[in-house]
Structures are given as C-alpha cells and as structure tokens.
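target-v2.csv follows (CSV, C-alpha atoms):
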chain,number,residue,atom,x,y,z
H,1,MET,CA,6.9,11.6,-22.4
H,2,ALA,CA,5.0,14.8,-22.0
H,3,ARG,CA,4.8,16.3,-18.6
H,4,THR,CA,1.3,16.0,-17.1
H,5,ARG,CA,-0.1,18.4,-14.6
H,6,PRO,CA,-1.4,16.0,-11.9
H,7,THR,CA,-4.8,16.0,-10.3
H,8,ILE,CA,-4.1,16.5,-6.6
H,9,PRO,CA,-6.1,14.1,-4.4
H,10,GLU,CA,-8.9,15.5,-2.2
H,11,LEU,CA,-6.8,15.8,0.9
H,12,ALA,CA,-6.7,18.9,3.0
H,13,ALA,CA,-3.7,21.1,2.5
H,14,PRO,CA,-1.4,21.4,5.5
H,15,ALA,CA,-2.8,23.9,8.0
H,16,ALA,CA,-1.1,27.3,7.9
H,17,SER,CA,-0.3,26.9,11.6
H,18,ALA,CA,1.4,23.6,11.1
H,19,THR,CA,5.1,23.4,12.1
H,20,ARG,CA,7.6,22.9,9.3
H,21,GLY,CA,8.1,19.3,10.3
H,22,GLN,CA,4.4,18.5,10.4
H,23,MET,CA,3.8,20.2,7.1
H,24,GLY,CA,6.6,18.1,5.6
H,25,ARG,CA,5.0,14.9,6.9
H,26,ASP,CA,1.5,16.0,5.6
H,27,VAL,CA,2.9,16.7,2.2
H,28,TYR,CA,4.7,13.4,2.0
H,29,GLU,CA,1.7,11.4,3.1
H,30,SER,CA,-0.5,13.2,0.6
H,31,ILE,CA,1.7,12.4,-2.3
H,32,ARG,CA,2.4,8.9,-1.1
H,33,SER,CA,-1.4,8.2,-0.8
H,34,ALA,CA,-2.0,9.6,-4.3
H,35,ILE,CA,0.6,7.1,-5.6
H,36,LEU,CA,-0.6,4.1,-3.7
H,37,ASP,CA,-4.3,4.7,-4.6
H,38,CYS,CA,-3.3,5.3,-8.2
H,39,THR,CA,-4.6,8.9,-8.3
H,40,PHE,CA,-1.0,9.4,-9.6
H,41,LEU,CA,-0.8,6.5,-12.1
H,42,PRO,CA,2.4,4.5,-12.8
H,43,GLY,CA,4.5,6.3,-15.4
H,44,MET,CA,2.9,9.7,-14.7
H,45,ALA,CA,5.1,12.7,-15.0
H,46,LEU,CA,5.1,15.0,-11.9
H,47,SER,CA,6.5,18.4,-11.3
H,48,GLU,CA,7.3,20.0,-8.0
H,49,GLN,CA,5.6,23.2,-9.0
H,50,ALA,CA,2.3,21.5,-10.0
H,51,VAL,CA,2.1,19.5,-6.8
H,52,SER,CA,3.1,22.5,-4.6
H,53,ASP,CA,0.4,24.6,-6.3
H,54,GLY,CA,-2.2,21.9,-5.7
H,55,LEU,CA,-1.3,21.5,-2.1
H,56,GLN,CA,-0.8,25.2,-1.6
H,57,VAL,CA,2.6,24.8,-0.1
H,58,SER,CA,6.1,25.9,-1.1
H,59,ARG,CA,8.2,23.7,-3.2
H,60,ALA,CA,10.6,22.8,-0.4
H,61,PRO,CA,8.5,20.2,1.4
H,62,VAL,CA,7.4,18.8,-2.0
H,63,ARG,CA,11.1,18.5,-3.0
H,64,GLU,CA,11.9,16.6,0.2
H,65,ALA,CA,8.8,14.4,-0.2
H,66,PHE,CA,9.9,13.6,-3.8
H,67,ARG,CA,13.4,12.6,-2.5
H,68,GLN,CA,12.0,10.3,0.2
H,69,LEU,CA,9.5,8.7,-2.2
H,70,ALA,CA,12.3,8.1,-4.7
H,71,THR,CA,14.2,6.3,-1.9
H,72,GLU,CA,11.1,4.1,-1.3
H,73,GLY,CA,11.0,3.3,-5.0
H,74,LEU,CA,7.7,5.1,-5.7
H,75,LEU,CA,9.2,7.9,-7.7
H,76,GLU,CA,12.1,8.0,-10.2
H,77,THR,CA,14.0,10.9,-11.4
H,78,LEU,CA,15.5,10.7,-14.9
H,79,PRO,CA,18.2,13.2,-15.9
H,80,GLN,CA,17.1,15.8,-18.5
H,81,ARG,CA,13.5,14.3,-18.3
H,82,GLY,CA,12.0,14.9,-14.9
H,83,THR,CA,10.3,13.0,-12.1
H,84,PHE,CA,7.9,10.2,-12.8
H,85,VAL,CA,5.7,7.8,-10.7
H,86,ALA,CA,7.6,4.5,-10.8
H,87,ARG,CA,6.2,1.9,-13.1
H,88,LEU,CA,5.4,-1.5,-11.7
H,89,SER,CA,8.1,-4.1,-11.8
H,90,ARG,CA,7.4,-7.9,-11.7
H,91,ALA,CA,10.9,-8.5,-10.3
H,92,LYS,CA,10.4,-6.0,-7.5
H,93,ILE,CA,7.0,-7.4,-6.7
H,94,ALA,CA,8.5,-10.9,-6.5
H,95,ASP,CA,11.1,-9.5,-4.1
H,96,ALA,CA,8.4,-7.8,-2.0
H,97,ILE,CA,6.5,-11.1,-1.7
H,98,PHE,CA,9.7,-12.8,-0.6
H,99,VAL,CA,10.2,-10.2,2.2
H,100,ARG,CA,6.5,-10.3,3.2
H,101,GLU,CA,6.5,-14.1,3.5
H,102,ALA,CA,9.5,-14.1,5.7
H,103,ILE,CA,8.0,-11.6,8.1
H,104,GLU,CA,4.2,-12.1,7.9
H,105,CYS,CA,3.9,-15.9,7.8
H,106,ARG,CA,6.0,-16.1,11.0
H,107,ALA,CA,4.0,-13.3,12.5
H,108,ALA,CA,0.7,-15.0,11.8
H,109,ALA,CA,2.0,-18.2,13.5
H,110,LEU,CA,3.1,-16.2,16.6
H,111,ALA,CA,-0.2,-14.2,16.7
H,112,ALA,CA,-2.1,-17.4,17.2
H,113,ALA,CA,-0.5,-17.7,20.6
H,114,ALA,CA,-1.5,-14.2,21.8
H,115,PRO,CA,-4.3,-13.7,24.4
H,116,LEU,CA,-7.7,-14.5,22.9
H,117,ALA,CA,-9.1,-11.1,23.7
H,118,GLN,CA,-6.3,-9.4,21.8
H,119,ARG,CA,-6.7,-11.8,18.8
H,120,ARG,CA,-10.4,-10.8,18.6
H,121,THR,CA,-9.3,-7.3,17.5
H,122,LEU,CA,-8.7,-8.7,14.1
H,123,GLU,CA,-12.4,-9.6,13.7
H,124,LYS,CA,-13.3,-5.9,14.2
H,125,ILE,CA,-10.8,-4.8,11.6
H,126,VAL,CA,-12.0,-7.2,9.0
H,127,SER,CA,-15.6,-6.3,9.7
H,128,ARG,CA,-14.8,-2.7,9.1
H,129,GLN,CA,-12.9,-3.5,5.9
H,130,ALA,CA,-15.8,-5.6,4.6
H,131,LYS,CA,-18.3,-2.8,5.3
H,132,ALA,CA,-16.1,-0.3,3.5
H,133,SER,CA,-15.7,-2.6,0.5
H,134,ALA,CA,-19.4,-3.1,0.3
H,135,GLN,CA,-19.8,0.7,0.1
H,136,LYS,CA,-17.1,0.9,-2.5
H,137,ASP,CA,-15.1,3.0,-0.1
H,138,TYR,CA,-11.8,1.6,-1.3
H,139,ALA,CA,-9.6,4.1,0.5
H,140,THR,CA,-11.0,2.9,3.9
H,141,HIS,CA,-10.8,-0.7,2.6
H,142,LEU,CA,-7.1,-0.4,1.9
H,143,SER,CA,-6.5,1.5,5.2
H,144,ALA,CA,-8.1,-1.3,7.1
H,145,ASP,CA,-5.9,-3.7,5.2
H,146,GLU,CA,-2.8,-2.0,6.4
H,147,GLU,CA,-4.2,-1.9,10.0
H,148,PHE,CA,-5.0,-5.7,9.8
H,149,HIS,CA,-1.4,-6.6,8.8
H,150,HIS,CA,0.1,-4.2,11.3
H,151,GLN,CA,-2.1,-5.6,14.1
H,152,ILE,CA,-0.8,-9.1,13.4
H,153,LEU,CA,2.7,-7.9,14.0
H,154,VAL,CA,1.6,-6.4,17.2
H,155,LEU,CA,0.0,-9.6,18.3
H,156,ALA,CA,3.1,-11.5,17.4
H,157,GLY,CA,5.1,-9.2,19.6
H,158,HIS,CA,7.1,-7.5,16.8
H,159,PRO,CA,5.4,-4.1,16.2
H,160,HIS,CA,8.7,-2.6,15.0
H,161,ALA,CA,8.9,-5.0,12.1
H,162,TRP,CA,6.2,-2.8,10.5
H,163,THR,CA,8.9,-0.4,9.2
H,164,PRO,CA,10.5,-2.8,6.8
H,165,LEU,CA,7.2,-4.5,6.0
H,166,ARG,CA,5.5,-1.2,5.1
H,167,LEU,CA,8.3,-0.6,2.6
H,168,ALA,CA,7.8,-4.0,1.1
H,169,ARG,CA,4.1,-3.5,0.8
H,170,THR,CA,4.3,-0.2,-1.2
H,171,GLY,CA,4.3,-1.7,-4.7
H,172,MET,CA,1.9,-4.4,-3.6
H,173,ASN,CA,-0.7,-1.8,-2.5
H,174,ARG,CA,-0.7,-0.3,-6.0
H,175,ILE,CA,-1.3,-3.8,-7.6
H,176,ARG,CA,-4.1,-4.4,-5.1
H,177,HIS,CA,-5.8,-1.1,-5.9
H,178,LEU,CA,-5.5,-1.6,-9.7
H,179,ALA,CA,-6.9,-5.1,-9.3
H,180,ILE,CA,-10.1,-4.0,-7.6
H,181,PRO,CA,-12.0,-3.2,-10.8
H,182,VAL,CA,-10.1,-5.9,-12.8
H,183,VAL,CA,-10.6,-9.0,-10.7
H,184,GLY,CA,-12.4,-7.9,-7.5
H,185,SER,CA,-9.3,-8.1,-5.4
H,186,ASN,CA,-11.1,-6.4,-2.5
H,187,ARG,CA,-13.4,-9.4,-2.1
H,188,ILE,CA,-10.5,-11.8,-2.4
H,189,ALA,CA,-8.5,-10.0,0.3
H,190,ILE,CA,-11.5,-10.0,2.7
H,191,ASP,CA,-12.0,-13.8,2.1
H,192,HIS,CA,-8.3,-14.4,2.8
H,193,HIS,CA,-8.4,-12.2,5.9
H,194,ARG,CA,-11.3,-14.2,7.3
H,195,VAL,CA,-9.5,-17.5,6.9
H,196,ILE,CA,-6.3,-16.0,8.6
H,197,VAL,CA,-8.4,-14.6,11.4
H,198,GLN,CA,-10.2,-17.9,12.0
H,199,ALA,CA,-6.9,-19.8,12.2
H,200,ILE,CA,-5.5,-17.3,14.6
H,201,LEU,CA,-8.6,-17.4,16.8
H,202,ASP,CA,-8.4,-21.2,16.7
H,203,GLY,CA,-4.8,-20.9,18.0
H,204,ASP,CA,-3.5,-22.9,15.0
H,205,GLY,CA,-0.2,-21.2,14.0
H,206,ALA,CA,0.6,-23.6,11.2
H,207,VAL,CA,-2.8,-23.0,9.4
H,208,ALA,CA,-2.5,-19.2,10.0
H,209,SER,CA,1.0,-19.2,8.5
H,210,GLU,CA,-0.1,-21.1,5.4
H,211,ALA,CA,-3.2,-18.9,5.0
H,212,MET,CA,-1.0,-15.8,5.1
H,213,ARG,CA,1.3,-17.3,2.5
H,214,VAL,CA,-1.6,-17.8,0.1
H,215,HIS,CA,-2.8,-14.3,0.8
H,216,ILE,CA,0.6,-12.7,0.2
H,217,GLN,CA,1.1,-14.6,-3.1
H,218,SER,CA,-2.4,-13.6,-4.5
H,219,PRO,CA,-1.2,-10.5,-6.3
H,220,LEU,CA,0.8,-12.7,-8.6
H,221,ILE,CA,-2.6,-13.9,-9.9
H,222,PHE,CA,-3.7,-10.4,-10.6
H,223,LEU,CA,-0.6,-9.3,-12.5
H,224,ASP,CA,-1.4,-10.8,-15.9
H,225,ALA,CA,-4.9,-9.4,-15.9
H,226,ILE,CA,-3.7,-5.9,-15.1
H,227,ALA,CA,-0.7,-6.0,-17.5
H,228,GLN,CA,-3.0,-7.1,-20.3
H,229,ARG,CA,-5.4,-4.2,-19.7
H,230,CYS,CA,-2.7,-1.6,-18.8
H,231,PRO,CA,0.7,-2.6,-20.2
H,232,GLN,CA,1.9,1.0,-19.9
H,233,TYR,CA,2.0,0.7,-16.1
H,234,PHE,CA,4.8,-1.9,-16.2
H,235,GLU,CA,8.5,-1.8,-16.6
H,236,ALA,CA,10.0,-4.1,-19.2
H,237,ASP,CA,11.7,-6.5,-16.7
Re-express the file's structure as structure tokens.
Amino acid sequence: MARTRPTIPELAAPAASATRGQMGRDVYESIRSAILDCTFLPGMALSEQAVSDGLQVSRAPVREAFRQLATEGLLETLPQRGTFVARLSRAKIADAIFVREAIECRAAALAAAAPLAQRRTLEKIVSRQAKASAQKDYATHLSADEEFHHQILVLAGHPHAWTPLRLARTGMNRIRHLAIPVVGSNRIAIDHHRVIVQAILDGDGAVASEAMRVHIQSPLIFLDAIAQRCPQYFEAD
C-alpha cells in the first residue's frame, strides 16, 4: 500500500506556550478525533513526519500518540511497511457490543432511579444533539452522543466506568460516522436516545435497559450497508 500524506483535521495546533504534557494530550486528541470522524480513513497509511508537519509539532508527541492509539486498536504498525489506521473488524465490533451491553444496559436501569432533576439533564443533551444533526454538524452530534452515554453512567453512580466504556466505543464511533451518509444513523441514534430518555424519566429501569440494548446493537444493522459500499475499510475476519 502506498504511503499517503494525510490531510490534517482543522484543529488548532498546540499553543507554543503549552507544557510538554498538555501538548502531548492535544496531539493525541487531534489524531484520535481524525480517526474517529474518519478524516483518517480505515486502512490509510500515516507517517509521523506528515502528521507532525501538519500539526506543527515535533515528532516526539506524535510518536507517543501513535503508540497510545495502537494500544487502543485504532492504529497498527506493520514491520517493514509502516503505520496504518486500523481497518474495521466485525469480530472486534461484536466484542465491543458485548462490553457495552454489560455496562450500559445496567447503567440505564440504575439511572432511572436517580433524582428526577438530574435525569432531566439527558433531555438537554439529546436536544443539543438533534439540533446539531439538523444542521449537519456531525462533529457536535457525535460529541453530544458521547456526553449522553457518559451522563447515564454518572446518573447510575458509576462515572469511572467511562474509561473501559470509552475504549469499547472507539470502533463503534467510526461505524456510526460512516453510517451517517449511508443509512442516516444520526437520525436513528437520536430516535433511540429519546426512547431511552423517556424510560429513564418514567423511572422504568427495565424499559430503559432494553431500549439501551436495542440502541447498542444498531450498528450491526449498518455494517452490511457500509461493507457493501466500502469493502476496503474492513478486515477479512
């Protein structure tokens, strides 16, 4: 595969006054965002030099970001070939759904018992997500999606469960982004979120848990449509 010089996303380069630690975090988040929103497409070849040039930083924080993203399964390094954005894997997506169901279905049930005033915060998040989606601001739409799922963990009393959940969501986020133009996954997600919110507001943990399960499994419906249009994005599982 020929090495491709990537297009760096329109994110501000780290400030010259940023500490080394903050610069490293900014570089990591910039590259991670570019992978999750598919600016860097599955299978795309990346080079430390091209990314560091684009972000106007040295290669050291880019190298560390590459290492961390490889640990998360978003990048892969092949000996004698280079570093590539990881392709999508049906098996890994199935594993992510398994992890998400175990955490989020239980969290939705527990969130239904939180104080009502706190539960209502979910309505505001979904409203903001729907507005962004209507304006085709999909970056904000997906950011609100993350906030929604994180807030449910907060309501459930388990905010620290976000760390393993965020890792499980990484590959799912790419599927969701690719599915927006293919099957309108943004509208489907908002409809699902509204059902989940209503069950949580009603204090019905069982319905909230089942609605969350339906939502989490929805990317399985999108996979075939995406694979048919873009088979090069997938591993041969």
For H:Ala108, which residue out of H:Ala227, H:Ile93, H:Leu78, H:Ile152 is the nearest one, using all atoms listed in the file?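 Answer, going by the shortest atom-to-atom distance: H:Ile152.
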Which residues come within 12 Å of H:Tyr138, counting all atoms listed in the file, excluding same-chain residues fewer than 2 positions away, as a list in words?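 Neighbouring residues, sequence-local ones excluded: Leu36, Asp37, Cys38, Arg128, Gln129, Ala130, Lys131, Ala132, Ser133, Ala134, Gln135, Lys136, Thr140, His141, Leu142, Ser143, Ala144, Asp145, Asn173, Arg176, His177, Leu178, Ala179, Ile180, Pro181, Gly184, Ser185, Asn186 and Arg187 of chain H.
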Between atom CA of H:Met172 and atom CA of H:Ala70, measure the distance and give it in Å to one decimal. 16.3 Å
Counting only C-alpha atoms, which residue out of H:Pro159, H:Gly43, H:Gly24, H:Pro79 sits closest to H:Pro231?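 Going through H:Pro159, H:Gly43, H:Gly24, H:Pro79 one by one, the smallest distance to H:Pro231 is for H:Gly43.
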May I ask for the distance between atom CA of H:Leu116 and atom CA of H:Leu155, given in Å to one decimal place?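 Computing the Euclidean distance for atom CA of H:Leu116 and atom CA of H:Leu155 yields 10.2 Å.
Here the question is which of H:Val182, H:Val62, H:Leu55, H:Cys105 gets nearest to H:Ile221 using all atoms listed in the file, and that residue is H:Val182.
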Selected residue of minimal separation from H:Ala102 among H:Gln118, H:Ser52, H:Ser58, H:Ser209, counting only C-alpha atoms: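 Closest to H:Ala102, using only C-alpha atoms: H:Ser209.
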Any idea what the distance is between atom CA of H:Val197 and atom CA of H:Glu123?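 If I compute the distance from atom CA of H:Val197 to atom CA of H:Glu123, I get 6.8 Å.
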Between H:Glu29, H:Glu101, H:Glu48, H:Glu210, which one has atoms that come closest to H:His192, using all atoms listed in the file?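 Using all atoms listed in the file, the shortest distance to H:His192 belongs to H:Glu210.
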Can you tell me, as a ChimeraX atom specification, what residues are no more than 8 Å from H:Ile200 when counting only C-alpha atoms, ignoring any on the same chain fewer than 4 positions away? /H:108-109,111-113,119,196,204-205,208
Tell me which residues come within 7 Å of (4.4, -15.7, -4.0), as a PyMOL selection string, counting all atoms listed in the file in the file's coordinates. chain H and resi 94+97-98+216-217+220
Save the residues we just selected, C-alpha atoms, as a PDB file, keeping the file's coordinate frame?
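again.pdb, freshly written:
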ATOM      1  CA  ALA H  94       8.500 -10.900  -6.500  1.00  0.00           C
ATOM      2  CA  ILE H  97       6.500 -11.100  -1.700  1.00  0.00           C
ATOM      3  CA  PHE H  98       9.700 -12.800  -0.600  1.00  0.00           C
ATOM      4  CA  ILE H 216       0.600 -12.700   0.200  1.00  0.00           C
ATOM      5  CA  GLN H 217       1.100 -14.600  -3.100  1.00  0.00           C
ATOM      6  CA  LEU H 220       0.800 -12.700  -8.600  1.00  0.00           C
TER       7      LEU H 220
END
Determine the axis-aligned bounding box of all atoms of stretch 52-59 of chain H present in the file, pad each side by 8 Å, and express its centre and edge lengths in Å to one decimal place as lines of an AutoDock Vina configuration file.
center_x = 3.0
center_y = 23.7
center_z = -3.2
size_x = 26.4
size_y = 20.4
size_z = 22.2
If we count all atoms listed in the file and set the cut-off at 10 Å, which residues sit around H:Val154, ignoring sequence neighbours fewer than 4 positions away in its own chain? Please answer as number ranges by chain. H: 107, 110-111, 114, 118, 148-150, 158-162
Keeping only C-alpha atoms, write the selected residues to a file as an mmCIF file, in the frame of the given file.
data_model
loop_
_atom_site.group_PDB
_atom_site.id
_atom_site.type_symbol
_atom_site.label_atom_id
_atom_site.label_comp_id
_atom_site.auth_asym_id
_atom_site.auth_seq_id
_atom_site.Cartn_x
_atom_site.Cartn_y
_atom_site.Cartn_z
ATOM 1 C CA ALA H 107 4.000 -13.300 12.500
ATOM 2 C CA LEU H 110 3.100 -16.200 16.600
ATOM 3 C CA ALA H 111 -0.200 -14.200 16.700
ATOM 4 C CA ALA H 114 -1.500 -14.200 21.800
ATOM 5 C CA GLN H 118 -6.300 -9.400 21.800
ATOM 6 C CA PHE H 148 -5.000 -5.700 9.800
ATOM 7 C CA HIS H 149 -1.400 -6.600 8.800
ATOM 8 C CA HIS H 150 0.100 -4.200 11.300
ATOM 9 C CA HIS H 158 7.100 -7.500 16.800
ATOM 10 C CA PRO H 159 5.400 -4.100 16.200
ATOM 11 C CA HIS H 160 8.700 -2.600 15.000
ATOM 12 C CA ALA H 161 8.900 -5.000 12.100
ATOM 13 C CA TRP H 162 6.200 -2.800 10.500
#
